[in-house]
Amino acid sequence: SYVAAMASLSEEVLLVVKKVRQKKQDGTLYLMAERIAWGPEGKDRFTVSHSYSDIRCQKISPDGKAKVQLQLVLHTGESTTFHFANESTSRKDWEAAKELLQQLLPKFKKKANKELEEKNKMLQEDPVLFQLYKDLVVSQVISAEEFWANRLGGINNGESAACENKQEVGISGAFLADIRPQTDGCNGLRYNLTADIIESIFRTYPAVKQKYKENVPHNLTEKEFWTRFFQSHYFHRDRISTGTQDIFSECARQDEKGLKSLVTQGVKNPMVDLLSLEDKTLDEGYGISSALPSTSHASRTVKESSNFAIIKRFNHHSAMVLAAAKQKEQMNSFINIFKLITVYLLRDVPADQASETSSTDGNSRDSDFFQPPLKKVKLQEAIEYEDLQQENRPKTVALNLKKSDRYAHGPVPLQSQQYTTSQDIINSVNYIKHEMSNYKPNLTQVLSSAAASSAIAALSPGGVLMQQVAQQAINQMVPTEIQAELKHLYVAAGELLRHFWTCFPVNTAFLEEKVTKMKSNLERFQITKLRPFQEKIQRQYLSTNLTGHLECMLQAAYSKFHIWQTRRMMRKT
Amino acid sequence: MASEGEISLLVVVVDVNPIWWGQHAQSEPEFTLSKCLDAVMVMGNAHMAMTRTNQLAVIAAHCQDSHFLYPSKRLKGNDDTSSSRDGKYELLSVTNNLIAEEIRDIMSKTELTGNSTDTLLAGSLAKALCYINRISKEVGVAQEIKSRILVIKAADDCALQYMNFMNVIFAAQKQNILIDACVLDSDSGLLQQACDITGGLYLKIPQKVALAQYLLWVFLPDSEQRSLLVLPPPAHVDYRAACFCHRTLIEIGYVCSVCLSIFCNFSPICTTCETAFKIQLPQMVKPKKKKPKLPA
């Protein structure tokens, strides 16, 4: 419910905006420390209240539209729209509200919803789990906390250290191409910039970031800055730096410098030889002609030089994208060095204080500090194979088998073997030798019709060899929906029984409570799920006993509970 | 029907144990080894006649060795014997003649060493698998080939071949090769397991004289076609393990946790690996080492 008394305004109010319409009603918008609320004019209660952690994102109406609106989209998918209707100050109010929200939302975002997201992901990925959830939680056989108790991987156990070492998302190489301008209808272009794209641009082109810091908001508004950015030749394909008053021409020069320094730095890996990758085209004269291709700018055609410029920009762009990813790594190693120094300085401090600083990061500090030169590392990698090294396995005890031929022997056949005398053997062999010495295939007399028809009779349904066919078709006699429902029942019952049986041995008061609750859950399951299913199959005249095993398992659980309960009573008396 | 160009290779392993056949030929003269081989030939001919790309191999499992009846080394030799006199498909008459020649040859060379009276079935199966492997490689990667082995078994199982047999079965399973079994006399636990594991058919036929009919009805269709037919259902297979001390099949036993050897009675020291077990005696006085082994 969205109703909250105004009197409970012990929260700090950060911003109040009057004349904000919501659902065609005038009212006031309040931004507080932990939530945003709106109350209609004249009333003293909030009809709309959302805490920041519930809000997924905010959407703003584009500039130039008459209506100044702000929309809040919640995690649940609902959205609330606020219309800033104050004629004179609407734009300013709206800006202020937007800015404040932009600052506040990220703070609250990460906390509670990681859990919800993980739960949703698990349910989406595993249909069996989803079905179990529907069967048990939605129909209120067990509560949601019990369901999720053993399944969420440590989010609740404070293992947030693992989350800190998540991988950084890198910059997409195509982030500029993704902006995709749309035509405005009147000879203009619209570029949609999101915060992600802006960040990518800043990380890839630090020169642009610097210009932004210098110029916004004193000289230019954000919108003007970006408009100029996209208009400038800096951004355009054929970047011909004409040295205009464009604020970005300096950026172009900085880029050139950067590119030159990258080239001189070269590649540190001694195993990679970039120079051998030269284009070896057969020039005029099929390579025999002695005139070397000239590399000076002057002799190039116009087309060649523009191609050259584009390739240079591609290379620079790729280099910047890669470098942006490396920055974070370097930052980490700097941080580790500082930590190591602090540990060194604190070495005379009692142990618990020193360990505080050193235990916060999981990385081993030594390897970052004493990095061997890169060349040596690469050479080592190339000449050593991991599998050929000495294996440092822990010492094990060897298996000492005395009679290993026992494994090779199979079971002795059940019927006693017929004993044959050696005379018998000799006779048999002679007989067969004699028979086969005159063997000629007589394929027209292989089978008599009487034999054939009796064989066919034995192989036909109902015959001697086909007796079991009728008995084995249980999965063909029961309809597939019933089979599917039975499977769901088994999964649900299995889950409940697992919770029940893990309570034993009952050592603590918590387990006592839990086992009693689980027993009542099992009974509830039996009544709400199992009985209707049994009645259903009875109505369909299915004579097979499909639920016998389930009943058996539940009975075993009940009797165990009964035994435990009587023992407990006896102990108390 | 098999898809276009798919090769179907059938390898028939015939148990020609001379002792068993000699004994039974005297007690049942209407079904002799000659008749059995005739029936096998009929089935082989039928298999080759169904599709041009079908291939056949026949191996005789003797108590001395295993021998290929077809294809045999004599193929390269005489061409005059291959002309058929009754207008039969050349390939079939060549095959039949070769098989007959080879079996006559083998049986005449039978010598009694006295040691082994058991059929070398595991060896024959291993040869069959090797042959299938060779043909698969010769045919090349682009050509699909489906293979199966049919075992026609006469004499009893040999317990000494157990390990080799199980290895053959698992190798066949890995290579998706079916092992079918047509049993003439007494049930064979090993072949039942082989058929169950590889997905083949096991059948103990009630009438030996009608062998050809059973072969054509049950074992001639390949695995794709079998799903469309109503065939005898699979039998219940006894997967019980045998205890190491007496070699009897047991349902519940004791397993050493170090060397995994199975015993029917509890003993404080495992006789295979000589591990001593410490028995903890909790409130109940039963030894805790019991691990029940349930039939599969």
# chains A, B, ... in the order shown; residues from 1 in each chain; ligands from 1
call {"tool": "interface_residues", "arguments": {"of": "chain A", "to": "chain B", "cutoff": "8 Å", "atoms": "only C-alpha atoms", "output": "MDAnalysis selection string"}}
result
chainID A and resid 399:404 406:413 424:433 435:443 446:448 451:452 455:456 459 461 465:466 468:469
call {"tool": "select_by_dssp", "arguments": {"residues": "stretch 43-161 of chain A", "states": "strand (DSSP E)", "output": "ChimeraX atom specification"}}
result
/A:45-46,48-51,55-60,69-74,79-84
call {"tool": "write_last_selection", "arguments": {"atoms": "N, CA, C and O atoms", "output": "compact mmCIF listing (two decimals), in the first residue's frame"}}
result
# COMPACT_ATOMS: atom_id res chain seq x y z
N ARG A 45 -1.34 13.28 2.89
CA ARG A 45 -0.72 11.96 2.88
C ARG A 45 -0.21 11.65 1.47
O ARG A 45 -0.61 12.26 0.51
N PHE A 46 0.66 10.71 1.38
CA PHE A 46 1.24 10.35 0.09
C PHE A 46 0.39 9.28 -0.56
O PHE A 46 0.01 8.30 0.06
N VAL A 48 1.61 8.13 -3.57
CA VAL A 48 2.62 7.38 -4.30
C VAL A 48 3.91 7.44 -3.49
O VAL A 48 4.34 8.51 -3.10
N SER A 49 4.47 6.31 -3.22
CA SER A 49 5.75 6.31 -2.48
C SER A 49 6.57 5.13 -2.95
O SER A 49 6.11 4.00 -2.93
N HIS A 50 7.75 5.43 -3.42
CA HIS A 50 8.64 4.35 -3.85
C HIS A 50 9.99 4.52 -3.20
O HIS A 50 10.56 5.61 -3.25
N SER A 51 10.50 3.48 -2.62
CA SER A 51 11.87 3.62 -2.10
C SER A 51 12.84 3.47 -3.27
O SER A 51 12.54 2.82 -4.26
N ILE A 55 13.35 1.28 -7.48
CA ILE A 55 13.31 1.93 -8.79
C ILE A 55 14.42 1.36 -9.65
O ILE A 55 15.58 1.30 -9.25
N ARG A 56 14.02 0.93 -10.83
CA ARG A 56 15.04 0.39 -11.73
C ARG A 56 15.74 1.53 -12.45
O ARG A 56 16.93 1.59 -12.52
N CYS A 57 14.98 2.43 -13.04
CA CYS A 57 15.62 3.55 -13.74
C CYS A 57 14.61 4.68 -13.89
O CYS A 57 13.42 4.50 -13.65
N GLN A 58 15.13 5.84 -14.29
CA GLN A 58 14.22 6.95 -14.56
C GLN A 58 14.32 7.29 -16.02
O GLN A 58 15.37 7.14 -16.66
N LYS A 59 13.20 7.74 -16.56
CA LYS A 59 13.22 8.14 -17.96
C LYS A 59 12.78 9.60 -18.02
O LYS A 59 11.87 10.01 -17.31
N ILE A 60 13.43 10.36 -18.88
CA ILE A 60 13.08 11.78 -18.99
C ILE A 60 12.54 12.08 -20.37
O ILE A 60 12.95 11.45 -21.35
N GLN A 69 8.37 15.85 -18.40
CA GLN A 69 7.93 14.69 -17.64
C GLN A 69 9.10 13.87 -17.14
O GLN A 69 10.17 13.86 -17.74
N LEU A 70 8.82 13.16 -16.07
CA LEU A 70 9.83 12.27 -15.50
C LEU A 70 9.11 10.96 -15.18
O LEU A 70 8.07 10.96 -14.55
N GLN A 71 9.66 9.88 -15.66
CA GLN A 71 9.00 8.60 -15.42
C GLN A 71 9.92 7.70 -14.60
O GLN A 71 11.11 7.60 -14.87
N LEU A 72 9.34 7.07 -13.60
CA LEU A 72 10.11 6.13 -12.79
C LEU A 72 9.68 4.72 -13.14
O LEU A 72 8.50 4.41 -13.08
N VAL A 73 10.64 3.89 -13.51
CA VAL A 73 10.32 2.50 -13.82
C VAL A 73 10.81 1.63 -12.67
O VAL A 73 11.98 1.68 -12.30
N LEU A 74 9.87 0.84 -12.11
CA LEU A 74 10.25 0.01 -10.98
C LEU A 74 10.75 -1.35 -11.46
O LEU A 74 10.56 -1.72 -12.62
N SER A 79 5.31 1.56 -13.83
CA SER A 79 5.95 2.86 -13.99
C SER A 79 5.00 3.95 -13.53
O SER A 79 3.78 3.82 -13.61
N THR A 80 5.62 5.00 -13.02
CA THR A 80 4.84 6.15 -12.56
C THR A 80 5.37 7.37 -13.28
O THR A 80 6.59 7.56 -13.38
N THR A 81 4.47 8.19 -13.78
CA THR A 81 4.90 9.37 -14.52
C THR A 81 4.52 10.63 -13.77
O THR A 81 3.39 10.78 -13.28
N PHE A 82 5.48 11.54 -13.69
CA PHE A 82 5.24 12.84 -13.05
C PHE A 82 5.39 13.93 -14.09
O PHE A 82 6.35 13.95 -14.86
N HIS A 83 4.41 14.84 -14.08
CA HIS A 83 4.44 15.93 -15.03
C HIS A 83 4.69 17.22 -14.27
O HIS A 83 3.92 17.59 -13.39
N PHE A 84 5.77 17.90 -14.60
CA PHE A 84 6.12 19.14 -13.90
C PHE A 84 5.37 20.29 -14.55
O PHE A 84 5.67 20.72 -15.66
call {"tool": "residues_around", "arguments": {"residues": "stretch 58-67 of chain B", "least_positions_apart": "4", "cutoff": "6 Å", "atoms": "only C-alpha atoms", "output": "list in words"}}
result
Val11, Val12, Val13, Val14, Asp15, Val16, Asn17, Thr117, Asp118, Thr119, Leu120, Leu121 and Ser124 of chain B
call {"tool": "write_last_selection", "arguments": {"atoms": "C-alpha atoms", "output": "short mmCIF file (atom, residue, chain, number, x, y, z; two decimals), in the first residue's frame"}}
result
data_model
loop_
_atom_site.label_atom_id
_atom_site.label_comp_id
_atom_site.auth_asym_id
_atom_site.auth_seq_id
_atom_site.Cartn_x
_atom_site.Cartn_y
_atom_site.Cartn_z
CA VAL B 11 29.38 -59.43 -38.48
CA VAL B 12 28.14 -62.89 -37.55
CA VAL B 13 30.11 -64.75 -34.91
CA VAL B 14 29.22 -68.43 -35.03
CA ASP B 15 30.14 -70.70 -32.15
CA VAL B 16 31.59 -73.81 -33.84
CA ASN B 17 32.85 -75.49 -30.68
CA THR B 117 37.16 -77.00 -24.21
CA ASP B 118 35.56 -73.56 -24.08
CA THR B 119 34.72 -71.42 -27.04
CA LEU B 120 36.97 -68.42 -27.43
CA LEU B 121 34.07 -66.07 -27.70
CA SER B 124 36.12 -63.61 -31.64
#
call {"tool": "select_by_dssp", "arguments": {"residues": "stretch 354-534 of chain A", "states": "helix (DSSP H, G or I)", "output": "ChimeraX atom specification"}}
result
/A:354-358,365-369,374-383,386-388,404-406,422-437,443-445,449-459,464-466,470-472,474-477,480-501,509-534
call {"tool": "residues_around", "arguments": {"residues": "stretch 44-49 of chain B", "least_positions_apart": "6", "cutoff": "7 Å", "atoms": "only C-alpha atoms", "output": "ChimeraX atom specification"}}
result
/B:55-56,92,220
call {"tool": "atom_distance", "arguments": {"atom1": "atom CA of A:Ile201", "atom2": "atom CA of A:Asn307"}}
result
23.7 Å
